[in-house]
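A.B. asks: To be precise about what I am sending: the file is called final.txt and holds compact mmCIF, C-alpha atoms.
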# COMPACT_ATOMS: atom_id res chain seq x y z
CA MET A 19 22.27 32.75 57.60
CA SER A 20 25.40 34.69 56.73
CA SER A 21 28.89 33.35 57.22
CA ALA A 22 30.07 36.72 58.45
CA PRO A 23 31.44 36.91 61.95
CA HIS A 24 29.30 38.89 64.37
CA SER A 25 30.49 41.20 67.11
CA ASN A 26 29.17 43.55 69.75
CA GLU A 27 29.79 47.20 70.63
CA LYS A 28 33.23 46.67 72.20
CA LYS A 29 34.39 43.25 70.96
CA LEU A 30 35.19 42.04 67.47
CA LEU A 31 35.17 38.39 66.45
CA VAL A 32 38.54 37.70 64.75
CA GLY A 33 38.86 33.92 64.71
CA LYS A 34 38.13 30.53 66.19
CA ILE A 35 40.24 27.87 67.90
CA ASN A 36 39.66 24.86 65.70
CA GLY A 37 42.16 22.21 66.82
CA PHE A 38 45.17 21.35 68.89
CA PHE A 39 48.72 21.34 67.60
CA GLY A 40 51.39 19.12 69.11
CA LEU A 41 51.67 18.00 72.71
CA GLN A 42 52.59 21.24 74.52
CA GLY A 43 49.23 22.99 74.49
CA TRP A 44 49.49 24.82 71.16
CA VAL A 45 46.20 25.36 69.31
CA LYS A 46 45.27 25.75 65.64
CA VAL A 47 43.44 28.98 64.89
CA PHE A 48 41.10 29.83 62.02
CA SER A 49 41.62 33.56 61.47
CA TYR A 50 39.09 36.00 59.98
CA THR A 51 41.79 38.71 59.70
CA LYS A 52 43.41 39.65 56.40
CA PRO A 53 46.11 38.52 56.06
CA ARG A 54 45.32 35.56 58.36
CA VAL A 55 48.54 35.89 60.35
CA ASN A 56 47.47 39.38 61.55
CA ILE A 57 45.40 37.72 64.29
CA LEU A 58 48.71 37.23 66.13
CA ASN A 59 49.21 41.03 66.28
CA TYR A 60 46.40 41.31 68.82
CA SER A 61 46.83 40.32 72.44
CA PRO A 62 45.11 39.65 74.69
CA TRP A 63 42.38 37.63 73.03
CA SER A 64 39.08 36.98 74.77
CA ILE A 65 37.17 33.70 74.69
CA ASP A 66 33.75 32.77 76.06
CA VAL A 67 34.00 30.67 79.21
CA ASP A 68 30.57 29.75 80.60
CA GLY A 69 28.95 32.87 79.14
CA GLU A 70 31.67 35.27 80.34
CA LEU A 71 34.43 36.67 78.14
CA GLN A 72 37.79 35.80 79.66
CA LYS A 73 41.08 37.35 78.50
CA ILE A 74 43.88 35.00 77.41
CA GLU A 75 47.48 35.97 76.67
CA ILE A 76 49.31 34.64 73.63
CA LYS A 77 52.84 33.46 74.50
CA ASN A 78 53.83 32.63 70.96
CA GLY A 79 52.32 32.11 67.51
CA ARG A 80 53.20 31.57 63.88
CA GLU A 81 51.95 30.58 60.47
CA GLN A 82 52.22 26.80 60.09
CA SER A 83 51.69 25.70 56.47
CA LYS A 84 48.11 26.87 55.74
CA THR A 85 47.00 27.51 59.31
CA ILE A 86 47.90 29.68 62.29
CA VAL A 87 49.10 28.09 65.52
CA ALA A 88 49.36 29.77 68.90
CA HIS A 89 50.57 28.97 72.40
CA ILE A 90 48.31 30.43 75.07
CA SER A 91 49.64 31.28 78.53
CA GLY A 92 48.72 28.56 81.04
CA ILE A 93 47.78 26.03 78.35
CA ASP A 94 50.70 23.60 78.35
CA THR A 95 49.25 20.17 77.56
CA ARG A 96 47.20 18.67 74.78
CA GLU A 97 44.39 18.03 77.30
CA ASP A 98 44.33 21.74 78.26
CA SER A 99 44.20 22.82 74.62
CA GLN A 100 41.38 20.39 73.76
CA LYS A 101 39.05 22.31 76.14
CA LEU A 102 39.48 25.39 73.91
CA ILE A 103 38.53 23.79 70.59
CA GLY A 104 35.51 25.49 69.07
CA LYS A 105 35.93 28.71 71.09
CA ASP A 106 35.50 31.99 69.23
CA ILE A 107 38.33 34.53 69.59
CA TYR A 108 37.47 38.17 70.23
CA ILE A 109 39.58 41.30 70.59
CA ASP A 110 38.70 44.73 71.95
CA LYS A 111 37.85 47.06 69.06
CA GLU A 112 40.28 49.59 70.60
CA GLN A 113 43.09 47.20 69.61
CA LEU A 114 42.46 47.92 65.92
CA PRO A 115 44.79 50.41 64.22
CA GLU A 116 43.32 53.85 63.50
CA LEU A 117 42.25 54.28 59.88
CA ASN A 118 42.48 57.41 57.77
CA GLU A 119 39.37 59.49 57.19
CA ASP A 120 37.20 57.85 54.50
CA GLN A 121 38.45 54.38 55.45
CA TYR A 122 36.26 51.91 57.32
CA TYR A 123 36.46 48.47 58.84
CA TRP A 124 33.72 46.23 57.46
CA HIS A 125 32.19 45.69 60.91
CA GLU A 126 31.60 49.46 61.16
CA LEU A 127 29.37 49.44 58.05
CA ILE A 128 27.06 46.57 59.06
CA GLY A 129 23.53 47.92 59.47
CA PHE A 130 24.10 51.06 57.36
CA THR A 131 21.23 52.00 55.04
CA VAL A 132 22.13 51.64 51.35
CA LEU A 133 20.61 54.20 48.98
CA ASN A 134 20.90 54.44 45.22
CA GLN A 135 21.28 57.57 43.05
CA ASN A 136 17.49 58.10 43.16
CA LYS A 137 17.61 58.03 46.99
CA GLU A 138 15.68 54.73 46.97
CA SER A 139 16.54 52.52 49.93
CA LEU A 140 17.89 49.14 48.85
CA GLY A 141 18.03 47.86 52.44
CA LEU A 142 20.69 47.45 55.13
CA VAL A 143 24.26 46.17 54.89
CA ASP A 144 24.15 42.58 56.18
CA TYR A 145 27.70 41.43 55.49
CA PHE A 146 30.58 41.50 53.01
CA VAL A 147 31.88 38.78 50.70
CA GLU A 148 35.37 38.53 49.23
CA THR A 149 35.26 37.35 45.63
CA GLY A 150 38.96 37.63 44.86
CA ALA A 151 38.53 40.38 42.28
CA ASN A 152 36.81 42.78 44.69
CA ASN A 153 34.70 42.84 47.83
CA VAL A 154 30.91 42.68 47.63
CA LEU A 155 28.42 44.48 49.85
CA VAL A 156 25.46 42.19 50.66
CA VAL A 157 22.37 44.33 51.22
CA LYS A 158 19.13 42.88 52.61
CA GLY A 159 15.89 44.71 51.86
CA LYS A 160 12.79 43.77 49.88
CA LYS A 161 15.27 41.69 47.93
CA GLU A 162 18.95 40.86 48.41
CA HIS A 163 21.47 42.94 46.45
CA TRP A 164 25.11 41.95 45.91
CA ILE A 165 26.86 45.23 45.08
CA PRO A 166 30.58 45.44 44.25
CA TYR A 167 32.27 47.53 46.96
CA ILE A 168 34.36 49.49 44.44
CA GLU A 169 33.99 52.53 42.22
CA PRO A 170 31.97 53.24 40.14
CA TYR A 171 29.26 51.35 42.14
CA LEU A 172 30.32 52.74 45.51
CA VAL A 173 29.57 56.48 45.44
CA SER A 174 30.03 57.61 49.05
CA VAL A 175 29.75 56.67 52.72
CA ASP A 176 28.15 59.00 55.27
CA SER A 177 29.23 57.57 58.62
CA LYS A 178 27.32 60.20 60.61
CA LYS A 179 23.98 59.32 58.97
CA LYS A 180 24.97 55.63 58.63
CA GLU A 181 24.25 55.69 54.90
CA ILE A 182 26.07 54.30 51.89
CA PHE A 183 25.28 55.72 48.44
CA VAL A 184 25.66 53.40 45.46
CA ASP A 185 25.11 53.54 41.72
CA TRP A 186 22.76 50.56 41.58
CA ASP A 187 19.26 49.99 40.18
CA LYS A 188 16.74 48.82 42.81
CA ASP A 189 15.44 46.18 40.37
CA PHE A 190 18.86 44.72 39.59
Just give me the structure of the file as structure tokens.
C.D. replies:
Amino acid sequence: MSSAPHSNEKKLLVGKINGFFGLQGWVKVFSYTKPRVNILNYSPWSIDVDGELQKIEIKNGREQSKTIVAHISGIDTREDSQKLIGKDIYIDKEQLPELNEDQYYWHELIGFTVLNQNKESLGLVDYFVETGANNVLVVKGKKEHWIPYIEPYLVSVDSKKKEIFVDWDKDF
């Protein structure tokens, strides 16, 4: 199982409420955004309440030592905030800033077919991993390939055909 957050057509998973903070309803947030504090740039958030996504407004938020804390509208006590612990945080994909041509959000590339220079299919993009030095494309096919998502390994992306071309041997 991958640790990558999953999303749907319109919503993008950006974090998780993972604790309460203080007595006035603030919550601790684990953010999947880079940098982490960027999660506060998006409002409203949506959380799953009994199988339905419900929008929540962020009144306030900040970086607090190594975590993000937020105050959600209508959540003003520790008891209220405890009901939110463990909830995934989604945003509408339309909330994301527009990228330049030839730039992609990782979630847009999930499921693309990955082909090498010999036009051999290596499989489909499953998720990405950050290694510190560079990002890695994890491709699942007959075998799993971990391909650095940088030149010279990344050759091109064809978003219309949903294909990524890489300089990578199928046996590697």
A.B. asks: For the atom pair CA of Phe48 in chain A and CA of Tyr167 in chain A, what is the interatomic distance in Å to one decimal place?
C.D. replies: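 So the two atoms, CA of Phe48 in chain A and CA of Tyr167 in chain A, lie 24.9 Å apart.
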A.B. asks: From the list A:Thr85, A:Ser61, A:Ser91, A:Asn56, which residue is nearest Gln42 in chain A when using all atoms listed in the file?
C.D. replies: A:Ser91
A.B. asks: Which is closest to Gln135 in chain A among A:Leu117, A:Leu102, A:Ile76, A:Val173, if we use all atoms listed in the file?
C.D. replies: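 Among the listed residues, A:Val173 lies closest to Gln135 in chain A.
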A.B. asks: Counting only C-alpha atoms, which residues have an atom no more than 7 Å from (37.8, 26.4, 71.7) in the file's coordinates? Please list them as a PyMOL selection string.
C.D. replies: chain A and resi 34-36+101-106
A.B. asks: Between CA of Lys158 in chain A and CA of Tyr122 in chain A, measure the distance and give it in Å to one decimal.
C.D. replies: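 One can read the CA of Lys158 in chain A to CA of Tyr122 in chain A distance as 19.9 Å.
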A.B. asks: Distance CA of Ile57 in chain A-CA of Phe39 in chain A, one decimal place?
C.D. replies: 17.0 Å
A.B. asks: Of the candidates A:Tyr50, A:Gly40, A:Asn78, A:Phe183, which one gets nearest to Glu148 in chain A if we count all atoms listed in the file?
C.D. replies: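 Comparing A:Tyr50, A:Gly40, A:Asn78, A:Phe183 against Glu148 in chain A, the winner is A:Tyr50.
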A.B. asks: Please supply range 152-163 of chain A, rebuilt with all heavy atoms, as a compact mmCIF listing (two decimals), keeping the file's coordinate frame.
C.D. replies:
# COMPACT_ATOMS: atom_id res chain seq x y z
N ASN A 152 37.18 41.63 43.86
CA ASN A 152 36.81 42.78 44.69
C ASN A 152 35.89 42.30 45.81
O ASN A 152 35.44 41.16 45.81
CB ASN A 152 36.11 43.86 43.85
CG ASN A 152 34.91 43.34 43.11
OD1 ASN A 152 35.03 42.87 41.99
ND2 ASN A 152 33.74 43.37 43.73
N ASN A 153 35.61 43.18 46.74
CA ASN A 153 34.70 42.84 47.83
C ASN A 153 33.28 43.20 47.41
O ASN A 153 33.07 44.09 46.60
CB ASN A 153 35.09 43.59 49.10
CG ASN A 153 36.51 43.23 49.51
OD1 ASN A 153 36.89 42.07 49.50
ND2 ASN A 153 37.30 44.23 49.85
N VAL A 154 32.31 42.48 47.98
CA VAL A 154 30.91 42.68 47.63
C VAL A 154 30.13 43.01 48.90
O VAL A 154 30.27 42.35 49.93
CB VAL A 154 30.33 41.41 46.95
CG1 VAL A 154 28.83 41.56 46.72
CG2 VAL A 154 31.06 41.14 45.64
N LEU A 155 29.31 44.04 48.79
CA LEU A 155 28.42 44.48 49.85
C LEU A 155 27.12 43.68 49.70
O LEU A 155 26.51 43.73 48.64
CB LEU A 155 28.16 45.96 49.60
CG LEU A 155 27.49 46.88 50.53
CD1 LEU A 155 28.28 46.99 51.82
CD2 LEU A 155 27.40 48.26 49.89
N VAL A 156 26.72 42.93 50.73
CA VAL A 156 25.46 42.19 50.66
C VAL A 156 24.41 43.00 51.42
O VAL A 156 24.55 43.23 52.62
CB VAL A 156 25.60 40.76 51.23
CG1 VAL A 156 24.27 40.02 51.13
CG2 VAL A 156 26.68 40.00 50.47
N VAL A 157 23.39 43.44 50.68
CA VAL A 157 22.37 44.33 51.22
C VAL A 157 21.05 43.56 51.27
O VAL A 157 20.61 43.00 50.27
CB VAL A 157 22.23 45.58 50.32
CG1 VAL A 157 21.16 46.51 50.85
CG2 VAL A 157 23.57 46.30 50.20
N LYS A 158 20.43 43.57 52.46
CA LYS A 158 19.13 42.88 52.61
C LYS A 158 18.05 43.92 52.74
O LYS A 158 18.09 44.80 53.60
CB LYS A 158 19.15 42.00 53.87
CG LYS A 158 20.18 40.89 53.81
CD LYS A 158 19.57 39.55 53.59
CE LYS A 158 20.63 38.50 53.37
NZ LYS A 158 20.68 37.47 54.34
N GLY A 159 17.06 43.82 51.85
CA GLY A 159 15.89 44.71 51.86
C GLY A 159 14.72 43.90 51.37
O GLY A 159 14.57 42.73 51.71
N LYS A 160 13.89 44.53 50.49
CA LYS A 160 12.79 43.77 49.88
C LYS A 160 13.35 42.59 49.12
O LYS A 160 12.74 41.54 49.00
CB LYS A 160 11.99 44.68 48.94
CG LYS A 160 11.11 45.67 49.68
CD LYS A 160 10.18 46.40 48.72
CE LYS A 160 9.23 47.30 49.46
NZ LYS A 160 9.71 48.68 49.60
N LYS A 161 14.54 42.79 48.56
CA LYS A 161 15.27 41.69 47.93
C LYS A 161 16.73 41.83 48.34
O LYS A 161 17.12 42.83 48.94
CB LYS A 161 15.09 41.71 46.41
CG LYS A 161 15.66 42.94 45.71
CD LYS A 161 15.26 42.98 44.25
CE LYS A 161 16.27 42.25 43.39
NZ LYS A 161 16.07 42.41 41.96
N GLU A 162 17.53 40.80 48.06
CA GLU A 162 18.95 40.86 48.41
C GLU A 162 19.74 41.39 47.22
O GLU A 162 19.52 40.97 46.10
CB GLU A 162 19.43 39.45 48.79
CG GLU A 162 20.83 39.41 49.32
CD GLU A 162 21.20 38.03 49.84
OE1 GLU A 162 20.93 37.75 51.02
OE2 GLU A 162 21.75 37.25 49.05
N HIS A 163 20.61 42.37 47.49
CA HIS A 163 21.47 42.94 46.45
C HIS A 163 22.92 42.62 46.77
O HIS A 163 23.34 42.78 47.92
CB HIS A 163 21.32 44.48 46.39
CG HIS A 163 19.95 44.96 46.06
ND1 HIS A 163 19.50 45.11 44.78
CD2 HIS A 163 18.91 45.31 46.86
CE1 HIS A 163 18.26 45.55 44.80
NE2 HIS A 163 17.88 45.67 46.05
